[in-house]
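Chemist: Take a look at data-v8.txt, compact mmCIF, C-alpha atoms and all ligand atoms:
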```txt
# COMPACT_ATOMS: atom_id res chain seq x y z
CA MET D 1 -65.58 49.23 -18.98
CA ILE D 2 -64.47 46.79 -16.31
CA ARG D 3 -66.26 46.93 -12.96
CA PHE D 4 -65.44 44.88 -9.86
CA GLU D 5 -68.02 45.12 -7.09
CA GLY D 6 -66.96 43.46 -3.86
CA VAL D 7 -65.23 40.68 -5.77
CA GLY D 8 -63.72 37.82 -3.80
CA LYS D 9 -61.89 34.73 -4.97
CA ILE D 10 -61.39 31.71 -2.77
CA TYR D 11 -59.29 28.91 -4.32
CA PRO D 12 -60.54 25.32 -3.86
CA ASN D 13 -57.94 24.75 -1.11
CA GLY D 14 -59.55 27.60 0.88
CA TYR D 15 -56.91 30.25 0.10
CA GLN D 16 -58.36 33.75 -0.29
CA GLY D 17 -56.80 35.02 -3.52
CA LEU D 18 -58.87 38.22 -3.73
CA ILE D 19 -60.70 40.04 -0.97
CA ASP D 20 -63.43 42.63 -1.54
CA ILE D 21 -62.07 44.14 -4.76
CA ASN D 22 -63.86 47.30 -5.89
CA LEU D 23 -62.63 48.84 -9.13
CA GLU D 24 -63.78 50.67 -12.19
CA ILE D 25 -61.53 50.74 -15.25
CA GLN D 26 -62.64 52.94 -18.14
CA ASP D 27 -62.16 52.16 -21.82
CA GLY D 28 -58.73 53.17 -23.07
CA GLU D 29 -56.94 53.20 -19.71
CA PHE D 30 -53.39 51.85 -19.31
CA VAL D 31 -53.25 50.24 -15.87
CA GLY D 32 -50.22 48.71 -14.17
CA ILE D 33 -50.82 46.17 -11.42
CA ILE D 34 -47.99 45.85 -8.94
CA GLY D 35 -47.35 43.93 -5.74
CA THR D 36 -45.08 41.31 -4.23
CA SER D 37 -44.94 37.74 -5.48
CA GLY D 38 -48.11 35.95 -4.46
CA ALA D 39 -50.02 39.17 -3.75
CA GLY D 40 -52.80 38.28 -6.21
CA LYS D 41 -51.86 40.19 -9.38
CA SER D 42 -52.37 37.24 -11.74
CA THR D 43 -55.50 36.19 -9.90
CA LEU D 44 -56.97 39.64 -10.46
CA VAL D 45 -56.04 39.84 -14.15
CA ARG D 46 -57.25 36.31 -14.89
CA THR D 47 -60.69 36.90 -13.42
CA ILE D 48 -61.32 39.54 -16.08
CA ASN D 49 -61.43 37.02 -18.93
CA GLY D 50 -62.90 34.23 -16.84
CA LEU D 51 -59.69 32.16 -16.60
CA ASN D 52 -60.29 32.38 -12.84
CA ASP D 53 -63.87 32.31 -11.62
CA VAL D 54 -64.94 34.73 -8.90
CA THR D 55 -66.49 33.28 -5.77
CA SER D 56 -68.31 36.39 -4.51
CA GLY D 57 -69.35 39.85 -5.70
CA ASN D 58 -69.93 40.98 -9.26
CA LEU D 59 -67.56 41.41 -12.16
CA VAL D 60 -68.93 43.17 -15.20
CA VAL D 61 -66.81 43.51 -18.34
CA ASN D 62 -68.23 45.54 -21.24
CA GLY D 63 -71.71 45.02 -19.85
CA THR D 64 -71.30 41.25 -19.44
CA ASP D 65 -71.56 39.56 -16.06
CA VAL D 66 -68.50 37.31 -16.37
CA ALA D 67 -69.55 34.90 -13.59
CA LYS D 68 -72.65 33.90 -15.56
CA LEU D 69 -70.75 32.86 -18.71
CA LYS D 70 -70.28 29.20 -19.52
CA GLY D 71 -69.05 27.04 -22.42
CA LYS D 72 -69.48 28.60 -25.85
CA GLU D 73 -70.49 32.01 -24.46
CA LEU D 74 -67.38 32.14 -22.30
CA ARG D 75 -65.15 31.25 -25.27
CA LYS D 76 -66.83 33.95 -27.37
CA PHE D 77 -66.37 36.49 -24.58
CA ARG D 78 -62.67 35.62 -24.21
CA ARG D 79 -62.09 36.59 -27.82
CA LYS D 80 -62.98 40.16 -26.90
CA VAL D 81 -60.46 40.13 -24.09
CA GLY D 82 -57.02 39.37 -25.49
CA MET D 83 -54.32 38.04 -23.24
CA ILE D 84 -50.56 37.83 -23.49
CA PHE D 85 -48.33 35.84 -21.16
CA GLN D 86 -44.74 35.72 -19.96
CA SER D 87 -44.25 32.52 -21.99
CA TYR D 88 -45.90 33.94 -25.18
CA ASN D 89 -48.22 30.90 -25.60
CA LEU D 90 -47.67 30.45 -29.33
CA VAL D 91 -47.95 27.15 -31.18
CA PRO D 92 -44.21 26.57 -31.74
CA ARG D 93 -44.16 24.40 -34.86
CA ILE D 94 -46.43 26.43 -37.10
CA THR D 95 -45.75 29.73 -38.82
CA VAL D 96 -46.22 33.12 -37.26
CA LEU D 97 -49.04 33.83 -39.72
CA LYS D 98 -50.90 30.63 -38.76
CA ASN D 99 -50.51 31.51 -35.10
CA VAL D 100 -52.22 34.84 -35.71
CA LEU D 101 -54.87 33.23 -37.93
CA THR D 102 -55.90 30.87 -35.12
CA ALA D 103 -56.98 34.02 -33.25
CA VAL D 104 -58.82 35.48 -36.26
CA VAL D 105 -60.77 32.26 -36.82
CA PRO D 106 -60.68 30.56 -33.41
CA GLU D 107 -63.47 28.11 -34.16
CA MET D 108 -61.50 26.61 -37.04
CA SER D 109 -60.29 23.04 -36.66
CA PHE D 110 -56.60 22.50 -36.01
CA PHE D 111 -56.33 20.53 -39.28
CA LYS D 112 -57.60 23.45 -41.30
CA VAL D 113 -55.03 25.63 -39.54
CA LEU D 114 -52.32 23.08 -40.25
CA PHE D 115 -53.14 22.90 -43.94
CA GLY D 116 -53.58 26.64 -44.21
CA ILE D 117 -57.21 26.74 -45.33
CA PHE D 118 -58.11 30.37 -44.65
CA SER D 119 -60.07 33.03 -46.48
CA LYS D 120 -58.22 35.86 -48.18
CA GLU D 121 -59.87 38.40 -45.82
CA ASP D 122 -58.67 36.52 -42.74
CA LYS D 123 -55.15 36.36 -44.11
CA ILE D 124 -55.14 40.09 -44.86
CA LYS D 125 -56.35 40.83 -41.33
CA ALA D 126 -53.61 38.70 -39.80
CA LEU D 127 -50.92 40.20 -42.05
CA GLU D 128 -52.09 43.71 -41.18
CA ALA D 129 -51.76 42.92 -37.46
CA LEU D 130 -48.23 41.61 -38.03
CA ASP D 131 -47.41 44.71 -40.05
CA ARG D 132 -48.63 46.95 -37.25
CA MET D 133 -46.33 45.13 -34.85
CA GLY D 134 -43.40 45.52 -37.26
CA ILE D 135 -42.88 41.81 -37.89
CA LEU D 136 -44.55 41.27 -41.23
CA ASP D 137 -41.26 39.91 -42.58
CA LYS D 138 -41.54 36.99 -40.12
CA ALA D 139 -45.02 35.90 -41.28
CA TYR D 140 -43.78 32.65 -42.86
CA VAL D 141 -41.18 31.80 -40.23
CA ARG D 142 -41.94 29.09 -37.66
CA ALA D 143 -42.90 30.66 -34.31
CA ASP D 144 -40.17 28.83 -32.39
CA GLN D 145 -37.49 30.37 -34.61
CA LEU D 146 -38.16 33.85 -33.24
CA SER D 147 -36.53 35.67 -30.35
CA GLY D 148 -38.52 36.25 -27.14
CA GLY D 149 -39.29 39.86 -28.04
CA GLN D 150 -40.46 38.87 -31.52
CA GLN D 151 -42.66 36.10 -30.07
CA GLN D 152 -44.25 38.59 -27.67
CA ARG D 153 -44.97 40.84 -30.67
CA VAL D 154 -46.70 37.93 -32.39
CA SER D 155 -48.82 37.43 -29.25
CA LEU D 156 -49.73 41.10 -29.41
CA ALA D 157 -50.55 40.82 -33.13
CA ARG D 158 -52.93 37.99 -32.20
CA THR D 159 -54.82 40.20 -29.78
CA LEU D 160 -55.02 42.91 -32.45
CA ALA D 161 -56.27 40.48 -35.08
CA GLN D 162 -59.00 39.22 -32.77
CA ASP D 163 -60.22 42.81 -32.28
CA SER D 164 -60.09 42.59 -28.50
CA ASP D 165 -61.04 45.85 -26.80
CA ILE D 166 -59.15 44.84 -23.68
CA ILE D 167 -55.63 43.43 -23.56
CA LEU D 168 -54.53 41.66 -20.39
CA ALA D 169 -50.81 41.19 -20.04
CA ASP D 170 -49.63 38.77 -17.36
CA GLU D 171 -45.93 39.51 -16.74
CA PRO D 172 -45.31 40.08 -20.46
CA VAL D 173 -41.73 41.30 -20.15
CA SER D 174 -40.37 39.21 -17.26
CA ALA D 175 -38.49 36.84 -19.56
CA LEU D 176 -36.97 39.61 -21.69
CA ASP D 177 -33.75 41.60 -21.42
CA PRO D 178 -34.21 45.25 -20.35
CA VAL D 179 -33.93 46.72 -23.85
CA THR D 180 -36.38 44.27 -25.41
CA ALA D 181 -38.69 44.65 -22.41
CA LYS D 182 -38.83 48.39 -23.07
CA GLU D 183 -39.58 47.76 -26.75
CA VAL D 184 -42.53 45.54 -25.87
CA MET D 185 -43.78 48.17 -23.39
CA ASP D 186 -43.48 50.76 -26.19
CA ASP D 187 -45.62 48.47 -28.39
CA LEU D 188 -48.27 48.21 -25.67
CA LYS D 189 -48.27 51.99 -25.24
CA ARG D 190 -48.64 52.50 -28.98
CA ILE D 191 -51.57 50.06 -29.15
CA ASN D 192 -53.15 51.90 -26.22
CA GLU D 193 -52.71 55.36 -27.71
CA GLU D 194 -53.30 54.66 -31.39
CA LEU D 195 -56.06 52.06 -31.15
CA GLY D 196 -57.57 53.06 -27.80
CA ARG D 197 -57.40 49.51 -26.44
CA THR D 198 -57.60 49.16 -22.66
CA ILE D 199 -54.39 47.66 -21.27
CA LEU D 200 -54.00 45.95 -17.91
CA ILE D 201 -50.52 44.82 -17.21
CA ASN D 202 -49.40 42.77 -14.27
CA ILE D 203 -45.72 43.59 -13.83
CA HIS D 204 -42.83 43.09 -11.40
CA HIS D 205 -40.70 45.94 -12.73
CA VAL D 206 -42.03 48.92 -10.79
CA GLU D 207 -39.99 51.45 -12.81
CA LEU D 208 -41.54 50.18 -16.05
CA ALA D 209 -45.02 50.22 -14.52
CA LEU D 210 -44.59 53.82 -13.39
CA ALA D 211 -43.07 54.92 -16.68
CA TYR D 212 -45.77 53.44 -18.93
CA ALA D 213 -49.03 53.06 -17.03
CA SER D 214 -51.10 56.13 -16.22
CA ARG D 215 -52.83 54.38 -13.33
CA ILE D 216 -51.36 52.01 -10.76
CA ILE D 217 -53.22 49.44 -8.75
CA ALA D 218 -51.19 47.85 -5.98
CA ILE D 219 -52.28 44.54 -4.47
CA LYS D 220 -51.20 43.11 -1.16
CA LYS D 221 -52.49 39.79 0.20
CA GLY D 222 -55.45 39.90 -2.17
CA LYS D 223 -56.51 43.45 -1.29
CA ILE D 224 -56.06 46.75 -3.09
CA VAL D 225 -53.69 48.94 -1.10
CA TYR D 226 -53.21 51.71 -3.69
CA ASP D 227 -55.26 52.79 -6.68
CA GLY D 228 -54.39 56.10 -8.29
CA PRO D 229 -52.31 57.97 -10.84
CA SER D 230 -48.79 56.63 -11.38
CA SER D 231 -47.53 60.19 -10.92
CA GLU D 232 -48.69 60.05 -7.30
CA VAL D 233 -46.96 56.81 -6.37
CA THR D 234 -44.46 57.92 -3.75
CA GLN D 235 -41.64 55.96 -2.13
CA LYS D 236 -43.88 55.72 0.96
CA VAL D 237 -46.56 53.98 -1.12
CA LEU D 238 -43.98 51.56 -2.56
CA ASP D 239 -42.52 50.85 0.88
CA GLU D 240 -45.99 49.93 2.09
CA VAL D 241 -46.73 47.75 -0.96
CA TYR D 242 -43.46 45.83 -0.78
CA ARG D 243 -43.05 45.72 3.00
CA LYS D 244 -42.73 42.15 4.17
CA GLU D 245 -45.05 40.83 6.85
CA GLU D 246 -42.33 40.58 9.51
CA ASP D 247 -41.29 44.24 8.88
CA SER D 248 -44.76 45.39 9.89
CA ASP D 249 -44.88 43.36 13.07
CA PRO D 250 -44.18 45.85 15.92
CA SER D 251 -42.88 43.09 18.18
CA THR D 252 -39.94 42.54 15.81
CA SER D 253 -39.11 46.18 15.17
CA GLU D 254 -35.82 47.56 16.52
CA GLU D 255 -37.61 50.16 18.63
CA ASN D 256 -39.05 47.42 20.84
N1 LIG K 301 -54.87 27.32 -8.04
C1 LIG K 301 -54.53 27.83 -6.87
N2 LIG K 301 -54.85 27.20 -5.72
C2 LIG K 301 -54.53 27.71 -4.51
N3 LIG K 301 -53.87 28.87 -4.35
C3 LIG K 301 -53.50 29.54 -5.44
C4 LIG K 301 -53.82 29.07 -6.77
N4 LIG K 301 -53.32 29.95 -7.67
C5 LIG K 301 -52.74 30.93 -6.94
N5 LIG K 301 -52.85 30.68 -5.61
C6 LIG K 301 -52.34 31.51 -4.51
O1 LIG K 301 -52.94 32.79 -4.58
C7 LIG K 301 -52.01 33.80 -4.24
C8 LIG K 301 -51.94 34.82 -5.35
O2 LIG K 301 -51.36 34.22 -6.51
P1 LIG K 301 -51.08 35.05 -7.82
O3 LIG K 301 -50.49 34.13 -8.81
O4 LIG K 301 -52.30 35.79 -8.19
O5 LIG K 301 -49.98 36.07 -7.28
P2 LIG K 301 -49.11 37.12 -8.08
O6 LIG K 301 -49.21 38.41 -7.34
O7 LIG K 301 -49.48 37.14 -9.51
O8 LIG K 301 -47.67 36.49 -7.88
P3 LIG K 301 -46.43 36.40 -8.90
O9 LIG K 301 -45.97 37.78 -9.07
O10 LIG K 301 -45.45 35.54 -8.15
O11 LIG K 301 -46.94 35.75 -10.15
C9 LIG K 301 -50.68 33.08 -3.98
O12 LIG K 301 -50.51 32.94 -2.60
C10 LIG K 301 -50.85 31.74 -4.64
O13 LIG K 301 -50.11 30.74 -3.98
```
Could you write out this file's structure as structure tokens?

Modeler:
Amino acid sequence: MIRFEGVGKIYPNGYQGLIDINLEIQDGEFVGIIGTSGAGKSTLVRTINGLNDVTSGNLVVNGTDVAKLKGKELRKFRRKVGMIFQSYNLVPRITVLKNVLTAVVPEMSFFKVLFGIFSKEDKIKALEALDRMGILDKAYVRADQLSGGQQQRVSLARTLAQDSDIILADEPVSALDPVTAKEVMDDLKRINEELGRTILINIHHVELALAYASRIIAIKKGKIVYDGPSSEVTQKVLDEVYRKEEDSDPSTSEEN
């Protein structure tokens, strides 16, 4: 479970990225986070695995107080919270299999990875994850030879191989064409339903968010402005979430 209690995040330059966030996300939920550019979606997602520290309140993930983690403990914790990014974040010049293996044995030195010194069990685990994502045939291909959609599947295979209970996805389909984007969303849904992993996806495409996530959290200027079932997100809610500052200023409205 993920619990935010009055969480705030102030960036070093004084900017308030998150303001008084209160949330409870249960195991196995599929949550879409929406909002305008700069609203704080990434900030919110990245606090969950400690990529962003919180500056006030409490954030508890699977019973761990994230703010208290440092060094080795923080690295260990991050393994339980997988993350995929818009830019895939794979090591381009090594094979797909080695990319996944770096997640299975993260403490391994880069030289061991380079020379392929892995146990049979680790290799089987990585190959199984690739198989589940339907890209086993690409195991021995260099990561940079794959299409965007295939690379995102490798990223997902990495999170599976590292047994993370929670998968954070920061704009995972923004760089993909609509058909491939839908395929990656289907993969996320399958992982959620078949393996019960909690998914939090920060996404610009509202239609995709509504179609795939069962719960929507909308952020505006660092605050939660909607949190509820995706089936209850009305046009009025979306108008409020995406309304620009100047539109809400009565002095500039046409009626005045
Ligand atoms: N390191 C930083 N220092 C100062 N301000 C930052 C930093 N990172 C983000 N911000 C600011 O915090 C706000 C929220 O940023 P964030 O990246 O979370 O937004 P977002 O909703 O994910 O936007 P986008 O959809 O464009 O990625 C923005 O105004 C951004 O400029």

Chemist: Give one line per residue of chain D that approaches ligand LIG 301 (chain K) to at most 7 Å, naming the two atoms of the closest pair and their distance in Å to one decimal, counting only C-alpha atoms and all ligand atoms; sort by chain then ascending residue number and deliver it as JSON lines.

Modeler:
```
{"residue": "D:Tyr11", "atom": "CA", "partner": "K:LIG301", "partner_atom": "C2", "distance": 4.9}
{"residue": "D:Pro12", "atom": "CA", "partner": "K:LIG301", "partner_atom": "N2", "distance": 6.3}
{"residue": "D:Asn13", "atom": "CA", "partner": "K:LIG301", "partner_atom": "C2", "distance": 5.7}
{"residue": "D:Tyr15", "atom": "CA", "partner": "K:LIG301", "partner_atom": "N3", "distance": 5.6}
{"residue": "D:Gln16", "atom": "CA", "partner": "K:LIG301", "partner_atom": "O1", "distance": 7.0}
{"residue": "D:Gly17", "atom": "CA", "partner": "K:LIG301", "partner_atom": "O1", "distance": 4.6}
{"residue": "D:Gly35", "atom": "CA", "partner": "K:LIG301", "partner_atom": "O6", "distance": 6.0}
{"residue": "D:Thr36", "atom": "CA", "partner": "K:LIG301", "partner_atom": "O6", "distance": 5.9}
{"residue": "D:Ser37", "atom": "CA", "partner": "K:LIG301", "partner_atom": "O10", "distance": 3.5}
{"residue": "D:Gly38", "atom": "CA", "partner": "K:LIG301", "partner_atom": "O5", "distance": 3.4}
{"residue": "D:Ala39", "atom": "CA", "partner": "K:LIG301", "partner_atom": "O6", "distance": 3.8}
{"residue": "D:Gly40", "atom": "CA", "partner": "K:LIG301", "partner_atom": "O4", "distance": 3.2}
{"residue": "D:Lys41", "atom": "CA", "partner": "K:LIG301", "partner_atom": "O6", "distance": 3.8}
{"residue": "D:Ser42", "atom": "CA", "partner": "K:LIG301", "partner_atom": "O7", "distance": 3.7}
{"residue": "D:Thr43", "atom": "CA", "partner": "K:LIG301", "partner_atom": "O4", "distance": 3.7}
{"residue": "D:Leu44", "atom": "CA", "partner": "K:LIG301", "partner_atom": "O4", "distance": 6.5}
{"residue": "D:His204", "atom": "CA", "partner": "K:LIG301", "partner_atom": "O9", "distance": 6.6}
{"residue": "D:Gly222", "atom": "CA", "partner": "K:LIG301", "partner_atom": "C8", "distance": 6.9}
```

Chemist: Could you write out the selected residues, including C-alpha atoms, as a PDB file, in the frame of the given file?

Modeler:
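This went into again.pdb:
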```
ATOM      1  CA  TYR D  11     -59.290  28.910  -4.320  1.00  0.00           C
ATOM      2  CA  PRO D  12     -60.540  25.320  -3.860  1.00  0.00           C
ATOM      3  CA  ASN D  13     -57.940  24.750  -1.110  1.00  0.00           C
ATOM      4  CA  TYR D  15     -56.910  30.250   0.100  1.00  0.00           C
ATOM      5  CA  GLN D  16     -58.360  33.750  -0.290  1.00  0.00           C
ATOM      6  CA  GLY D  17     -56.800  35.020  -3.520  1.00  0.00           C
ATOM      7  CA  GLY D  35     -47.350  43.930  -5.740  1.00  0.00           C
ATOM      8  CA  THR D  36     -45.080  41.310  -4.230  1.00  0.00           C
ATOM      9  CA  SER D  37     -44.940  37.740  -5.480  1.00  0.00           C
ATOM     10  CA  GLY D  38     -48.110  35.950  -4.460  1.00  0.00           C
ATOM     11  CA  ALA D  39     -50.020  39.170  -3.750  1.00  0.00           C
ATOM     12  CA  GLY D  40     -52.800  38.280  -6.210  1.00  0.00           C
ATOM     13  CA  LYS D  41     -51.860  40.190  -9.380  1.00  0.00           C
ATOM     14  CA  SER D  42     -52.370  37.240 -11.740  1.00  0.00           C
ATOM     15  CA  THR D  43     -55.500  36.190  -9.900  1.00  0.00           C
ATOM     16  CA  LEU D  44     -56.970  39.640 -10.460  1.00  0.00           C
ATOM     17  CA  HIS D 204     -42.830  43.090 -11.400  1.00  0.00           C
ATOM     18  CA  GLY D 222     -55.450  39.900  -2.170  1.00  0.00           C
TER      19      GLY D 222
END
```

Chemist: What gap, in Å, lies between atom CA of D:Ile166 and atom CA of D:Ile117?

Modeler: 28.3 Å

Chemist: What does the distance between atom CA of D:Glu194 and atom CA of D:Ile216 come to in Å, to one decimal place?

Modeler: 20.9 Å

Chemist: Residues near D:Phe30, anyone? I mean within 10 Å using all atoms listed in the file, not counting same-chain ones fewer than 3 positions away, as a list in words.

Modeler: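 Selected residues are Ile25, Gln26, Asp27, Ile167, Leu188, Lys189, Asn192, Glu193, Gly196, Arg197, Thr198, Ile199, Leu200, Ile201, Ala209, Tyr212, Ala213, Ser214, Arg215 and Ile216 of chain D.
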
Chemist: Expressed in Å to a single decimal, how great is the separation between atom CA of D:Ile217 and atom CA of D:Glu5?

Modeler: 15.5 Å

Chemist: Find, counting only C-alpha atoms, the residue in D:Lys9, D:Lys125, D:Lys182, D:Lys76 that gets nearest to D:Val54.

Modeler: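 Nearest to D:Val54: D:Lys9.
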
Chemist: Which residue, D:Gln152, D:Thr64, D:Asn89, D:Gln162, has the smallest gap to D:Thr102 when you use all atoms listed in the file?

Modeler: D:Gln162
